[in-house]
Amino acid sequence: MCRPPAKRKLMPEPPLRIPDRFLDGFSTLRDLSAEEAASLASAFEAPHDAPEGAPTLAALRSLAQAALPDRSADAVNDLVLAVLGLSYQSRSTGTASDSLAANVSTSPRLVDPEDLGAADRLRQRLAGLLAAPTVILSGATAELAAENDATFVSARTIVDVRPVFGPEPNDSPLGALLVTNLKIDFFDAQGDLQSFFVTLGLSELKELGEVLARADQKVAALESLMAEASIRHLAPTGD
């Protein structure tokens with residue numbers, strides 16, 4: 001006598017791995033008062049009418065800061081980055097935003113498993129923000145802009161003065177070099193934050209400035225052509 005096939009046991013969905021850099025942002029969202037959460041949701045629901053056609057990261061930070069005046073700039077920035085990161089993950093993986101919101105809100109790194117009220121509160125807030133027009137448009141723009149091996153995050157320069165001594169170290173320096181160290185932070189293809197360092201002399205620094213100036217001119221020319229063709233310029237999510 002043949003036995004009926006055993007029923008396959010459905011495995012629970014694995015918990016979402018939340019990058020450490022987003023934990024503070026989700027924690028801030030969790031801890032908002034009801035009034036603050038409503039103010040933030042209302043700010044992100046409002047239609048965005050910037051001339052670029054898409055809210056930049058700076059614009060979203062401004063909206064959030066205006067809605068949360070009692071929160072520090074760092075806390076607001078972390079919150080916005082965490083929400084945009086989750087929006088990007090939803091689009092890039094094809095996972096429903098409601099599902100991601102539910103997964104994040106049950107993470108033991110953010111919510112006490114016994115505190116069901118806090119988990120539900122965070123889930124509702126995340127789901128609402130992920131459905132907001134400004135977040136959807138920014139996430140879509142960022143997804144296209146991030147179709148690269150490396151996506152720019154920030155840059156910083158540090159200028160060193162390096163004295164040149166003769167054979168006698170006690171004598172005054174014969175001269176000095178001015179060396180510029182350029183640090184570029186970027187997200188790699190896996191979404192991990194990386195840094196790249198390069199040393200520039202005065203001539204290299206001038207050459208880099210000229211290259212960037214030419215890039216500005218090319219962008220301005222293309223923006224003009226797009227405007228004539230009535231094509232909206234959707235600026236990537238950045239400053």
# chains A, B, ... in the order shown; residues from 1 in each chain; ligands from 1
$ residues_around --residues "region 107-112 of chain A" --least-positions-apart "6" --cutoff "7 Å" --atoms "only C-alpha atoms" --output "ChimeraX atom specification"
/A:27,118-119
$ residues_around --residues "region 66-74 of chain A" --least-positions-apart "5" --cutoff "7 Å" --atoms "only C-alpha atoms" --output "PyMOL selection string"
chain A and resi 36+39-40+43
$ write_last_selection --atoms "C-alpha atoms" --output "compact mmCIF listing (two decimals), in the first residue's frame"
# COMPACT_ATOMS: atom_id res chain seq x y z
CA GLU A 36 6.08 63.35 15.22
CA SER A 39 4.04 65.05 10.90
CA LEU A 40 6.76 63.07 9.09
CA ALA A 43 5.61 65.82 4.91
$ residues_around --residues "Ser154 (chain A)" --least-positions-apart "4" --cutoff "12 Å" --atoms "only C-alpha atoms" --output "ChimeraX atom specification"
/A:182-187,193-196,238-239
$ atom_distance --atom1 "CA of Thr199 (chain A)" --atom2 "CA of Ala213 (chain A)"
20.0 Å
$ residues_around --residues "region 124-132 of chain A" --least-positions-apart "3" --cutoff "9 Å" --atoms "only C-alpha atoms" --output "PDB file with N, CA and C atoms, in the first residue's frame"
ATOM      1  N   PHE A  26      16.237  53.375  11.971  1.00  0.00           N
ATOM      2  CA  PHE A  26      15.008  52.653  12.311  1.00  0.00           C
ATOM      3  C   PHE A  26      14.654  52.843  13.791  1.00  0.00           C
ATOM      4  N   LEU A  29      12.908  56.162  14.133  1.00  0.00           N
ATOM      5  CA  LEU A  29      11.525  56.059  13.662  1.00  0.00           C
ATOM      6  C   LEU A  29      10.659  55.348  14.697  1.00  0.00           C
ATOM      7  N   ARG A  30      11.187  54.315  15.286  1.00  0.00           N
ATOM      8  CA  ARG A  30      10.450  53.571  16.321  1.00  0.00           C
ATOM      9  C   ARG A  30      10.105  54.449  17.510  1.00  0.00           C
ATOM     10  N   ALA A  37       5.462  61.191  14.262  1.00  0.00           N
ATOM     11  CA  ALA A  37       5.281  60.233  13.170  1.00  0.00           C
ATOM     12  C   ALA A  37       4.251  60.738  12.166  1.00  0.00           C
ATOM     13  N   ALA A  38       3.168  61.331  12.655  1.00  0.00           N
ATOM     14  CA  ALA A  38       2.137  61.862  11.761  1.00  0.00           C
ATOM     15  C   ALA A  38       2.666  63.041  10.954  1.00  0.00           C
ATOM     16  N   LEU A  40       5.819  63.582  10.082  1.00  0.00           N
ATOM     17  CA  LEU A  40       6.760  63.073   9.086  1.00  0.00           C
ATOM     18  C   LEU A  40       6.016  62.443   7.917  1.00  0.00           C
ATOM     19  N   ALA A  41       4.992  61.646   8.199  1.00  0.00           N
ATOM     20  CA  ALA A  41       4.214  61.003   7.140  1.00  0.00           C
ATOM     21  C   ALA A  41       3.550  62.050   6.256  1.00  0.00           C
ATOM     22  N   SER A  42       3.031  63.109   6.864  1.00  0.00           N
ATOM     23  CA  SER A  42       2.376  64.162   6.105  1.00  0.00           C
ATOM     24  C   SER A  42       3.371  64.891   5.204  1.00  0.00           C
ATOM     25  N   PHE A  44       6.111  63.685   3.837  1.00  0.00           N
ATOM     26  CA  PHE A  44       6.520  62.831   2.723  1.00  0.00           C
ATOM     27  C   PHE A  44       5.361  62.521   1.776  1.00  0.00           C
ATOM     28  N   GLU A  45       4.124  62.721   2.227  1.00  0.00           N
ATOM     29  CA  GLU A  45       2.968  62.491   1.364  1.00  0.00           C
ATOM     30  C   GLU A  45       2.734  63.643   0.417  1.00  0.00           C
ATOM     31  N   ALA A  46       3.209  64.834   0.803  1.00  0.00           N
ATOM     32  CA  ALA A  46       2.944  66.019  -0.016  1.00  0.00           C
ATOM     33  C   ALA A  46       3.608  65.884  -1.382  1.00  0.00           C
ATOM     34  N   VAL A  83      15.187  54.620   5.592  1.00  0.00           N
ATOM     35  CA  VAL A  83      13.952  54.444   4.821  1.00  0.00           C
ATOM     36  C   VAL A  83      14.258  54.306   3.333  1.00  0.00           C
ATOM     37  N   LEU A  84      15.152  55.160   2.815  1.00  0.00           N
ATOM     38  CA  LEU A  84      15.514  55.063   1.403  1.00  0.00           C
ATOM     39  C   LEU A  84      16.228  53.749   1.096  1.00  0.00           C
ATOM     40  N   LEU A  86      15.717  50.894   2.558  1.00  0.00           N
ATOM     41  CA  LEU A  86      14.705  49.837   2.512  1.00  0.00           C
ATOM     42  C   LEU A  86      13.879  49.939   1.229  1.00  0.00           C
ATOM     43  N   SER A  87      13.604  51.170   0.793  1.00  0.00           N
ATOM     44  CA  SER A  87      12.873  51.366  -0.461  1.00  0.00           C
ATOM     45  C   SER A  87      13.676  50.818  -1.638  1.00  0.00           C
ATOM     46  N   SER A  97       7.000  46.109  -0.206  1.00  0.00           N
ATOM     47  CA  SER A  97       7.446  46.982   0.877  1.00  0.00           C
ATOM     48  C   SER A  97       6.783  46.614   2.200  1.00  0.00           C
ATOM     49  N   ASP A  98       5.515  46.174   2.164  1.00  0.00           N
ATOM     50  CA  ASP A  98       4.831  45.769   3.393  1.00  0.00           C
ATOM     51  C   ASP A  98       5.543  44.599   4.053  1.00  0.00           C
ATOM     52  N   SER A  99       6.039  43.669   3.213  1.00  0.00           N
ATOM     53  CA  SER A  99       6.743  42.503   3.737  1.00  0.00           C
ATOM     54  C   SER A  99       8.058  42.907   4.400  1.00  0.00           C
ATOM     55  N   LEU A 100       8.806  43.823   3.749  1.00  0.00           N
ATOM     56  CA  LEU A 100      10.054  44.301   4.336  1.00  0.00           C
ATOM     57  C   LEU A 100       9.797  45.049   5.639  1.00  0.00           C
ATOM     58  N   ALA A 101       8.737  45.866   5.664  1.00  0.00           N
ATOM     59  CA  ALA A 101       8.406  46.613   6.868  1.00  0.00           C
ATOM     60  C   ALA A 101       8.085  45.666   8.014  1.00  0.00           C
ATOM     61  N   ALA A 102       7.342  44.599   7.725  1.00  0.00           N
ATOM     62  CA  ALA A 102       7.000  43.625   8.757  1.00  0.00           C
ATOM     63  C   ALA A 102       8.250  42.903   9.253  1.00  0.00           C
ATOM     64  N   VAL A 104      11.445  44.017   9.199  1.00  0.00           N
ATOM     65  CA  VAL A 104      12.278  44.917   9.996  1.00  0.00           C
ATOM     66  C   VAL A 104      11.682  45.111  11.390  1.00  0.00           C
ATOM     67  N   SER A 105      10.366  45.263  11.452  1.00  0.00           N
ATOM     68  CA  SER A 105       9.714  45.584  12.726  1.00  0.00           C
ATOM     69  C   SER A 105       9.740  44.441  13.726  1.00  0.00           C
ATOM     70  N   ALA A 119       6.417  46.711  17.906  1.00  0.00           N
ATOM     71  CA  ALA A 119       6.645  46.104  16.596  1.00  0.00           C
ATOM     72  C   ALA A 119       5.581  46.557  15.599  1.00  0.00           C
ATOM     73  N   ASP A 120       4.323  46.565  16.021  1.00  0.00           N
ATOM     74  CA  ASP A 120       3.245  46.978  15.121  1.00  0.00           C
ATOM     75  C   ASP A 120       3.346  48.456  14.779  1.00  0.00           C
ATOM     76  N   ARG A 121       3.764  49.256  15.743  1.00  0.00           N
ATOM     77  CA  ARG A 121       3.915  50.683  15.529  1.00  0.00           C
ATOM     78  C   ARG A 121       5.008  50.952  14.484  1.00  0.00           C
ATOM     79  N   VAL A 135       9.202  59.162  -1.342  1.00  0.00           N
ATOM     80  CA  VAL A 135      10.116  58.033  -1.122  1.00  0.00           C
ATOM     81  C   VAL A 135      10.115  57.106  -2.333  1.00  0.00           C
ATOM     82  N   ILE A 136       8.948  56.855  -2.910  1.00  0.00           N
ATOM     83  CA  ILE A 136       8.869  55.983  -4.087  1.00  0.00           C
ATOM     84  C   ILE A 136       9.669  56.565  -5.246  1.00  0.00           C
ATOM     85  N   LEU A 137       9.488  57.854  -5.510  1.00  0.00           N
ATOM     86  CA  LEU A 137      10.193  58.484  -6.628  1.00  0.00           C
ATOM     87  C   LEU A 137      11.692  58.539  -6.373  1.00  0.00           C
TER      88      LEU A 137
END
$ closest_residue --among "A:Val179, A:Ala221, A:Gly117, A:Thr93" --to "Leu205 (chain A)" --atoms "only C-alpha atoms"
A:Val179
$ atom_distance --atom1 "CA of Ala59 (chain A)" --atom2 "CA of Asn77 (chain A)"
11.1 Å
$ closest_residue --among "A:Asp188, A:Leu208, A:Asp20, A:Ser172" --to "Val153 (chain A)" --atoms "only C-alpha atoms"
A:Asp188
$ atom_distance --atom1 "CA of Thr95 (chain A)" --atom2 "CA of Glu114 (chain A)"
26.4 Å
$ select_by_dssp --residues "region 5-239 of chain A" --states "alpha helix (DSSP H)" --output "VMD selection string"
chain A and resid 20 to 31 34 to 45 57 to 67 73 to 93 97 to 105 116 to 130 133 to 145 202 to 228
$ select_by_dssp --residues "region 148-220 of chain A" --states "strand (DSSP E or B)" --output "number ranges by chain"
A: 150-164, 175-188, 193-200
$ residues_around --residues "Leu202 (chain A)" --least-positions-apart "5" --cutoff "12 Å" --atoms "only C-alpha atoms" --output "list in words"
Val159, Asp160, Leu177, Leu178, Val179, Thr180, Asn181, Glu207, Leu208 and Gly209 of chain A
$ write_last_selection --atoms "C-alpha atoms" --output "mmCIF file, in the first residue's frame"
data_model
loop_
_atom_site.group_PDB
_atom_site.id
_atom_site.type_symbol
_atom_site.label_atom_id
_atom_site.label_comp_id
_atom_site.auth_asym_id
_atom_site.auth_seq_id
_atom_site.Cartn_x
_atom_site.Cartn_y
_atom_site.Cartn_z
ATOM 1 C CA VAL A 159 46.107 68.918 2.478
ATOM 2 C CA ASP A 160 49.475 68.076 4.038
ATOM 3 C CA LEU A 177 55.676 69.872 -0.576
ATOM 4 C CA LEU A 178 51.942 70.516 -0.618
ATOM 5 C CA VAL A 179 50.159 67.179 -0.997
ATOM 6 C CA THR A 180 46.392 66.782 -1.338
ATOM 7 C CA ASN A 181 44.862 63.491 -0.205
ATOM 8 C CA GLU A 207 43.524 68.664 -13.892
ATOM 9 C CA LEU A 208 40.815 67.087 -11.727
ATOM 10 C CA GLY A 209 39.125 70.469 -11.323
#
